Structure formats: structure tokens, C-alpha cells
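Structure data follow from target.cif (mmCIF, C-alpha atoms):
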```cif
data_data
#
loop_
_atom_site.group_PDB
_atom_site.id
_atom_site.type_symbol
_atom_site.label_atom_id
_atom_site.label_comp_id
_atom_site.auth_asym_id
_atom_site.auth_seq_id
_atom_site.Cartn_x
_atom_site.Cartn_y
_atom_site.Cartn_z
ATOM 1 C CA MET A 16 -23.728 -37.583 33.017
ATOM 2 C CA ARG A 17 -24.187 -36.554 36.641
ATOM 3 C CA THR A 18 -25.175 -40.145 37.768
ATOM 4 C CA ALA A 19 -22.012 -41.543 36.258
ATOM 5 C CA LEU A 20 -19.980 -39.586 38.786
ATOM 6 C CA LEU A 21 -21.618 -41.208 41.840
ATOM 7 C CA VAL A 22 -19.854 -44.076 43.649
ATOM 8 C CA PRO A 23 -21.227 -46.687 46.123
ATOM 9 C CA ALA A 24 -21.694 -45.503 49.678
ATOM 10 C CA ILE A 25 -19.120 -47.969 50.971
ATOM 11 C CA SER A 26 -16.431 -46.604 48.662
ATOM 12 C CA ALA A 27 -17.277 -43.096 49.766
ATOM 13 C CA CYS A 28 -16.975 -44.078 53.407
ATOM 14 C CA LEU A 29 -13.601 -45.674 52.813
ATOM 15 C CA LEU A 30 -12.390 -42.543 51.104
ATOM 16 C CA LEU A 31 -13.653 -40.410 53.943
ATOM 17 C CA ALA A 32 -11.924 -42.598 56.493
ATOM 18 C CA ALA A 33 -8.684 -42.459 54.582
ATOM 19 C CA CYS A 34 -8.835 -38.672 54.243
ATOM 20 C CA GLY A 35 -10.035 -38.125 57.810
ATOM 21 C CA LYS A 36 -12.967 -35.943 56.678
ATOM 22 C CA THR A 37 -16.489 -35.729 57.917
ATOM 23 C CA PRO A 38 -19.458 -37.132 55.953
ATOM 24 C CA ASN A 39 -20.535 -33.586 55.089
ATOM 25 C CA ALA A 40 -17.496 -33.299 52.851
ATOM 26 C CA ALA A 41 -18.328 -36.530 50.984
ATOM 27 C CA PRO A 42 -19.534 -34.823 47.704
ATOM 28 C CA THR A 43 -16.174 -33.114 47.252
ATOM 29 C CA PRO A 44 -13.867 -36.172 46.996
ATOM 30 C CA ALA A 45 -16.434 -38.303 45.173
ATOM 31 C CA PRO A 46 -15.463 -37.053 41.659
ATOM 32 C CA SER A 47 -11.825 -37.978 42.396
ATOM 33 C CA THR A 48 -12.704 -41.689 42.045
ATOM 34 C CA THR A 49 -13.257 -41.130 38.317
ATOM 35 C CA PRO A 50 -10.504 -40.301 35.799
ATOM 36 C CA SER A 51 -9.244 -36.743 36.257
ATOM 37 C CA THR A 52 -10.346 -35.737 32.781
ATOM 38 C CA ALA A 53 -13.985 -36.697 33.281
ATOM 39 C CA PRO A 54 -15.170 -33.676 35.291
ATOM 40 C CA SER A 55 -13.293 -31.199 33.073
ATOM 41 C CA ALA A 56 -14.344 -32.783 29.771
ATOM 42 C CA THR A 57 -17.729 -31.063 29.662
ATOM 43 C CA PRO A 58 -16.516 -27.526 30.555
ATOM 44 C CA ASP A 59 -13.574 -27.757 28.134
ATOM 45 C CA ALA A 60 -15.849 -28.854 25.336
ATOM 46 C CA ALA A 61 -18.163 -25.954 26.053
ATOM 47 C CA GLU A 62 -15.306 -23.476 26.037
ATOM 48 C CA ALA A 63 -13.621 -24.892 22.919
ATOM 49 C CA PRO A 64 -15.683 -22.918 20.377
ATOM 50 C CA THR A 65 -15.001 -19.670 22.239
ATOM 51 C CA ALA A 66 -11.272 -20.351 22.277
ATOM 52 C CA ALA A 67 -11.313 -21.189 18.590
ATOM 53 C CA GLU A 68 -13.217 -18.023 17.798
ATOM 54 C CA ASP A 69 -10.777 -15.951 19.831
ATOM 55 C CA ALA A 70 -7.827 -17.535 18.028
ATOM 56 C CA LYS A 71 -9.194 -16.898 14.546
ATOM 57 C CA PRO A 72 -9.052 -13.087 14.549
ATOM 58 C CA ALA A 73 -5.635 -13.200 16.198
ATOM 59 C CA SER A 74 -4.235 -15.337 13.393
ATOM 60 C CA GLU A 75 -5.685 -13.024 10.759
ATOM 61 C CA SER A 76 -4.686 -9.769 12.410
ATOM 62 C CA GLY A 77 -1.165 -9.967 11.017
ATOM 63 C CA PHE A 78 -2.333 -9.647 7.412
ATOM 64 C CA ASP A 79 -3.444 -6.147 6.453
ATOM 65 C CA SER A 80 -5.487 -5.750 3.291
ATOM 66 C CA LEU A 81 -4.661 -2.989 0.861
ATOM 67 C CA ASP A 82 -7.513 -0.840 2.112
ATOM 68 C CA ALA A 83 -7.014 -1.537 5.819
ATOM 69 C CA LYS A 84 -6.712 2.123 6.811
ATOM 70 C CA PRO A 85 -6.963 1.623 10.599
ATOM 71 C CA ALA A 86 -4.238 -1.053 10.639
ATOM 72 C CA SER A 87 -1.703 0.556 8.302
ATOM 73 C CA GLY A 88 -2.662 4.243 8.220
ATOM 74 C CA PHE A 89 -2.648 4.066 4.407
ATOM 75 C CA ASP A 90 -5.208 6.258 2.633
ATOM 76 C CA ILE A 91 -5.331 5.849 -1.152
ATOM 77 C CA ASP A 92 -7.605 8.880 -1.519
ATOM 78 C CA ALA A 93 -5.039 11.128 0.160
ATOM 79 C CA VAL A 94 -2.294 9.776 -2.094
ATOM 80 C CA ARG A 95 -4.453 10.317 -5.174
ATOM 81 C CA GLN A 96 -5.002 13.931 -4.137
ATOM 82 C CA ARG A 97 -1.255 14.395 -3.681
ATOM 83 C CA ILE A 98 -0.635 12.989 -7.161
ATOM 84 C CA GLU A 99 -3.264 15.216 -8.767
ATOM 85 C CA ILE A 100 -1.693 18.295 -7.193
ATOM 86 C CA ALA A 101 1.734 17.238 -8.424
ATOM 87 C CA ASN A 102 0.374 16.717 -11.944
ATOM 88 C CA MET A 103 -0.921 20.284 -12.021
ATOM 89 C CA THR A 104 2.662 21.533 -11.787
ATOM 90 C CA PHE A 105 4.247 18.830 -13.954
ATOM 91 C CA GLY A 106 5.254 21.380 -16.585
ATOM 92 C CA ASP A 107 7.354 23.293 -14.053
ATOM 93 C CA ARG A 108 10.113 20.710 -14.398
ATOM 94 C CA TYR A 109 10.768 22.077 -17.891
ATOM 95 C CA ARG A 110 11.056 25.619 -16.592
ATOM 96 C CA LYS A 111 12.923 25.222 -13.290
ATOM 97 C CA ASP A 112 16.540 24.283 -12.778
ATOM 98 C CA ASP A 113 15.925 24.035 -9.039
ATOM 99 C CA ALA A 114 17.453 21.094 -7.192
ATOM 100 C CA SER A 115 15.081 21.483 -4.237
ATOM 101 C CA TRP A 116 12.089 21.373 -6.595
ATOM 102 C CA TYR A 117 13.126 17.967 -7.902
ATOM 103 C CA ALA A 118 14.073 16.724 -4.447
ATOM 104 C CA SER A 119 10.541 17.463 -3.293
ATOM 105 C CA ARG A 120 9.024 15.446 -6.133
ATOM 106 C CA TYR A 121 11.383 12.496 -6.679
ATOM 107 C CA THR A 122 12.904 9.981 -4.295
ATOM 108 C CA LYS A 123 16.678 10.071 -3.942
ATOM 109 C CA ASP A 124 16.972 6.814 -5.890
ATOM 110 C CA ALA A 125 14.408 7.750 -8.548
ATOM 111 C CA CYS A 126 14.736 6.806 -12.218
ATOM 112 C CA VAL A 127 12.899 8.036 -15.310
ATOM 113 C CA MET A 128 12.633 5.902 -18.433
ATOM 114 C CA PRO A 129 11.960 7.955 -21.581
ATOM 115 C CA ALA A 130 10.998 6.228 -24.814
ATOM 116 C CA ASN A 131 13.946 5.540 -27.136
ATOM 117 C CA GLU A 132 16.473 6.670 -24.511
ATOM 118 C CA THR A 133 18.502 5.161 -21.713
ATOM 119 C CA THR A 134 17.234 5.110 -18.138
ATOM 120 C CA ILE A 135 18.142 8.225 -16.170
ATOM 121 C CA CYS A 136 18.672 7.869 -12.404
ATOM 122 C CA GLY A 137 19.470 10.290 -9.602
ATOM 123 C CA LEU A 138 18.082 13.741 -8.862
ATOM 124 C CA ASP A 139 20.833 15.673 -10.635
ATOM 125 C CA ALA A 140 20.576 13.601 -13.804
ATOM 126 C CA ILE A 141 16.770 13.819 -13.815
ATOM 127 C CA ARG A 142 16.904 17.590 -13.325
ATOM 128 C CA GLY A 143 19.390 17.956 -16.164
ATOM 129 C CA TYR A 144 17.280 15.791 -18.462
ATOM 130 C CA PHE A 145 14.041 17.691 -18.005
ATOM 131 C CA TYR A 146 15.447 21.197 -17.853
ATOM 132 C CA TYR A 147 17.770 20.566 -20.770
ATOM 133 C CA GLY A 148 19.616 23.823 -20.278
ATOM 134 C CA GLY A 149 16.341 25.752 -20.426
ATOM 135 C CA ALA A 150 15.603 24.677 -23.995
ATOM 136 C CA ASN A 151 12.183 23.371 -22.979
ATOM 137 C CA ARG A 152 11.259 26.218 -20.653
ATOM 138 C CA ASP A 153 8.240 27.293 -22.719
ATOM 139 C CA ILE A 154 6.736 23.862 -23.084
ATOM 140 C CA ASP A 155 3.141 23.393 -22.019
ATOM 141 C CA ILE A 156 2.158 19.919 -20.911
ATOM 142 C CA SER A 157 -1.040 18.465 -19.473
ATOM 143 C CA VAL A 158 -0.859 15.344 -17.313
ATOM 144 C CA LYS A 159 -3.906 13.432 -16.140
ATOM 145 C CA ALA A 160 -4.077 10.399 -13.861
ATOM 146 C CA ILE A 161 -6.477 7.755 -15.167
ATOM 147 C CA ASP A 162 -6.095 5.228 -12.387
ATOM 148 C CA VAL A 163 -4.331 5.245 -9.009
ATOM 149 C CA TYR A 164 -3.992 2.113 -6.891
ATOM 150 C CA GLY A 165 -1.599 0.298 -4.590
ATOM 151 C CA SER A 166 -0.651 -0.039 -0.946
ATOM 152 C CA ALA A 167 1.465 1.598 1.727
ATOM 153 C CA ASP A 168 4.541 0.067 0.050
ATOM 154 C CA ALA A 169 3.980 1.631 -3.372
ATOM 155 C CA VAL A 170 1.249 3.342 -5.386
ATOM 156 C CA ILE A 171 0.869 2.984 -9.150
ATOM 157 C CA GLU A 172 -0.382 5.847 -11.296
ATOM 158 C CA GLU A 173 -1.537 5.217 -14.854
ATOM 159 C CA GLY A 174 -2.259 8.253 -16.974
ATOM 160 C CA ASN A 175 -2.065 10.232 -20.201
ATOM 161 C CA TYR A 176 -0.135 13.327 -21.218
ATOM 162 C CA ASP A 177 -0.646 15.930 -23.932
ATOM 163 C CA ILE A 178 1.859 18.462 -25.295
ATOM 164 C CA PRO A 179 -0.099 20.834 -27.559
ATOM 165 C CA ASN A 180 1.446 23.000 -30.241
ATOM 166 C CA PRO A 181 0.395 26.535 -31.270
ATOM 167 C CA LYS A 182 -1.252 25.240 -34.451
ATOM 168 C CA GLY A 183 -3.941 23.352 -32.580
ATOM 169 C CA GLY A 184 -2.228 19.991 -32.865
ATOM 170 C CA TYR A 185 0.229 18.224 -30.580
ATOM 171 C CA PHE A 186 3.942 18.021 -30.292
ATOM 172 C CA ASP A 187 3.295 14.758 -28.559
ATOM 173 C CA ARG A 188 0.579 12.743 -26.845
ATOM 174 C CA GLY A 189 1.046 9.557 -24.914
ATOM 175 C CA LYS A 190 0.618 7.450 -21.817
ATOM 176 C CA PHE A 191 2.722 6.839 -18.752
ATOM 177 C CA ILE A 192 3.075 4.808 -15.592
ATOM 178 C CA ALA A 193 4.565 6.248 -12.414
ATOM 179 C CA ILE A 194 5.439 4.418 -9.229
ATOM 180 C CA TRP A 195 5.137 6.523 -6.087
ATOM 181 C CA LYS A 196 6.720 5.733 -2.742
ATOM 182 C CA LEU A 197 6.560 7.273 0.700
ATOM 183 C CA ASP A 198 9.936 8.934 1.220
ATOM 184 C CA GLY A 199 9.995 10.477 4.667
ATOM 185 C CA GLU A 200 8.663 13.873 3.632
ATOM 186 C CA GLY A 201 5.771 12.485 1.602
ATOM 187 C CA TRP A 202 4.797 10.569 -1.532
ATOM 188 C CA LYS A 203 7.302 10.995 -4.361
ATOM 189 C CA VAL A 204 7.983 9.503 -7.769
ATOM 190 C CA TYR A 205 10.247 6.452 -7.599
ATOM 191 C CA ARG A 206 9.946 5.290 -11.221
ATOM 192 C CA GLU A 207 8.484 7.032 -14.255
ATOM 193 C CA ILE A 208 8.105 5.635 -17.755
ATOM 194 C CA TRP A 209 6.197 6.987 -20.742
ATOM 195 C CA THR A 210 5.758 6.432 -24.442
ATOM 196 C CA SER A 211 4.160 8.360 -27.289
ATOM 197 C CA SER A 212 0.816 7.397 -28.764
ATOM 198 C CA MET A 213 1.481 9.368 -31.939
ATOM 199 C CA PRO A 214 2.542 7.553 -35.122
ATOM 200 C CA ALA A 215 6.206 7.487 -35.956
ATOM 201 C CA SER A 216 7.400 10.290 -38.234
ATOM 202 C CA GLY A 217 6.751 9.623 -41.873
ATOM 203 C CA LYS A 218 4.111 6.936 -41.297
ATOM 204 C CA ARG A 219 1.199 9.256 -41.808
#
```

Show me this structure written as C-alpha cells.
Amino acid sequence: MRTALLVPAISACLLLAACGKTPNAAPTPAPSTTPSTAPSATPDAAEAPTAAEDAKPASESGFDSLDAKPASGFDIDAVRQRIEIANMTFGDRYRKDDASWYASRYTKDACVMPANETTICGLDAIRGYFYYGGANRDIDISVKAIDVYGSADAVIEEGNYDIPNPKGGYFDRGKFIAIWKLDGEGWKVYREIWTSSMPASGKR
């Protein structure tokens, strides 16, 4: 490739005469007799892979995966721990008619969806439903998360619940799904739906 850039001595002399330069400067203008892209073709080709490699991560950097903790700050393990702590005090909602208690556990636009009932939305309505005028204040309920997954936008909790009775059986047993969202102060329940796993009355 280097020999292709040389020109006859006469052409070089003519160029030197036209530019008014000394023979010592002859190697500098010599490449100008070839197309302007020729000298830069080899360096550009050598740099092309590097440029392509640099561009690849940049194009992918805008897409965070669900477990991309450094990029989003999302930590599913921390959310799971928060949910487990909340489940330990799940039964308190049947014993407390405390607006601040519900506000700390449900988003402002939360809804609960009981089986065989209409959807209940809003903190006051949810509080009234669970407390039920204190009628359920002695209820004992166990809630266990089976699986927790999601992203910084929303986390899904799948689990089971048990409501034992004094005779060694159950008032109810079932499964639920809860959607948790980050609501300023922390992770709170946005949607909650459950259904019994026990047979309908009279079927057994």
C-alpha cells in the first residue's frame, strides 16, 4: 500500500515549484496527489471495530434488566423482607381501626378484591372492610409469601393464608396475590385479591 502513494519525481518537482517549497518537504505533499480518502482509509478501517464496540454498550445502556440493581437501585431481596415483615402483622388489620396503620400499608389508590364481593377501593373503605366495626378483632390469621418477583415498577407476591379455628380446623384457608408499589414512604399494597381453597358449604 505504501508504494501506491508514491508519484514520479517530475510530478513531485512540479508540485514543489507550484507550492514554493523546498525538496525536503516533498514527502508531505506527495499523498495529496491521490484521492483524499486513500490515506485515511486504512486508519478508519482499523478504528471501525473500536467505534462499533464503543457504540454497542451505549445502545444497550438504556434498557435495565429486572435485576439491574446498580442501574435502577431496585433490590428484590429488600422488598421481599419488607413484605415478610408486613405479613407478620397482617392480622392487626382486623384489630385496629387506625387510619395511619392502613395508610402505612396501602397506597392511596389501593383496592382489595375479596371473593364473592365487590372491589373495595380507598383507605377509608379498606379500613372499614377489614375492621368491620371490631367484629373480627379476635381473628387469628397466618399469611405466608410463596413467591415474590417483579421490578422497580411493581412487585408481585403470591402466597397462602390460613385462619384456624379453636377446634383444630380452619375458618378458612386460601391463596392470594398482592401487587406492591413504591409509594414515597416505601413499598405498599396497591392491589390485593384472594380466594378460599376450602370447598363450598354443603359440598362435603

Which residue is closest to A:Asp187? Choose from A:Asn175, A:Ser166, A:Asn131, A:Thr104 and count all atoms listed in the file. A:Asn175

Taking all atoms listed in the file into account, which of A:Gly137, A:Gly174, A:Gly189, A:Gly143 comes nearest A:Arg110?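 That would be A:Gly143, the residue with the smallest distance to A:Arg110.
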
In terms of all atoms listed in the file, the residue from A:Tyr144, A:Tyr176, A:Phe186, A:Tyr121 at minimal distance from A:Gly201 is A:Tyr121

Mind giving me the axis-aligned box for stretch 156-167 of chain A with 4 Å on every side, centre plus edges in Å to one decimal, as JSON?
```
{"center_x": -2.2, "center_y": 9.9, "center_z": -9.6, "size_x": 16.6, "size_y": 28.0, "size_z": 30.6}
```

Atom CA of A:Gly184 and atom CA of A:Ile98 are how many Å apart? 26.7 Å

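In this model, the gap between atom CA of A:Tyr205 and atom CA of A:Lys123 comes to 8.2 Å.
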
For the provided coordinates, the residues matched by the PyMOL selection byres ((chain A and resi 101) around 12) should be stated as JSON, numbers by chain. {"A": [94, 95, 96, 97, 98, 99, 100, 102, 103, 104, 105, 106, 107, 108, 116, 117, 119, 120, 121, 157, 158, 159, 160, 172, 195, 201, 202, 203, 204]}

For the file shown, report as a PyMOL selection string the outcome of the PyMOL selection byres ((chain A and resi 109) around 9) at residue level. chain A and resi 105-108+110-112+142+145-147+149-155

Selection in question (the file shown): the PyMOL selection byres ((chain A and resi 132) around 12). Which residues does it include, as a list of chain:residue names?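 On this input, the PyMOL selection byres ((chain A and resi 132) around 12) captures A:Val127, A:Met128, A:Pro129, A:Ala130, A:Asn131, A:Thr133, A:Thr134, A:Ile135, A:Tyr144, A:Ile208, A:Trp209, A:Thr210.
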
What is the atom CA of A:Ile91-atom CA of A:Ser211 distance in Å, reported with one decimal? 27.9 Å
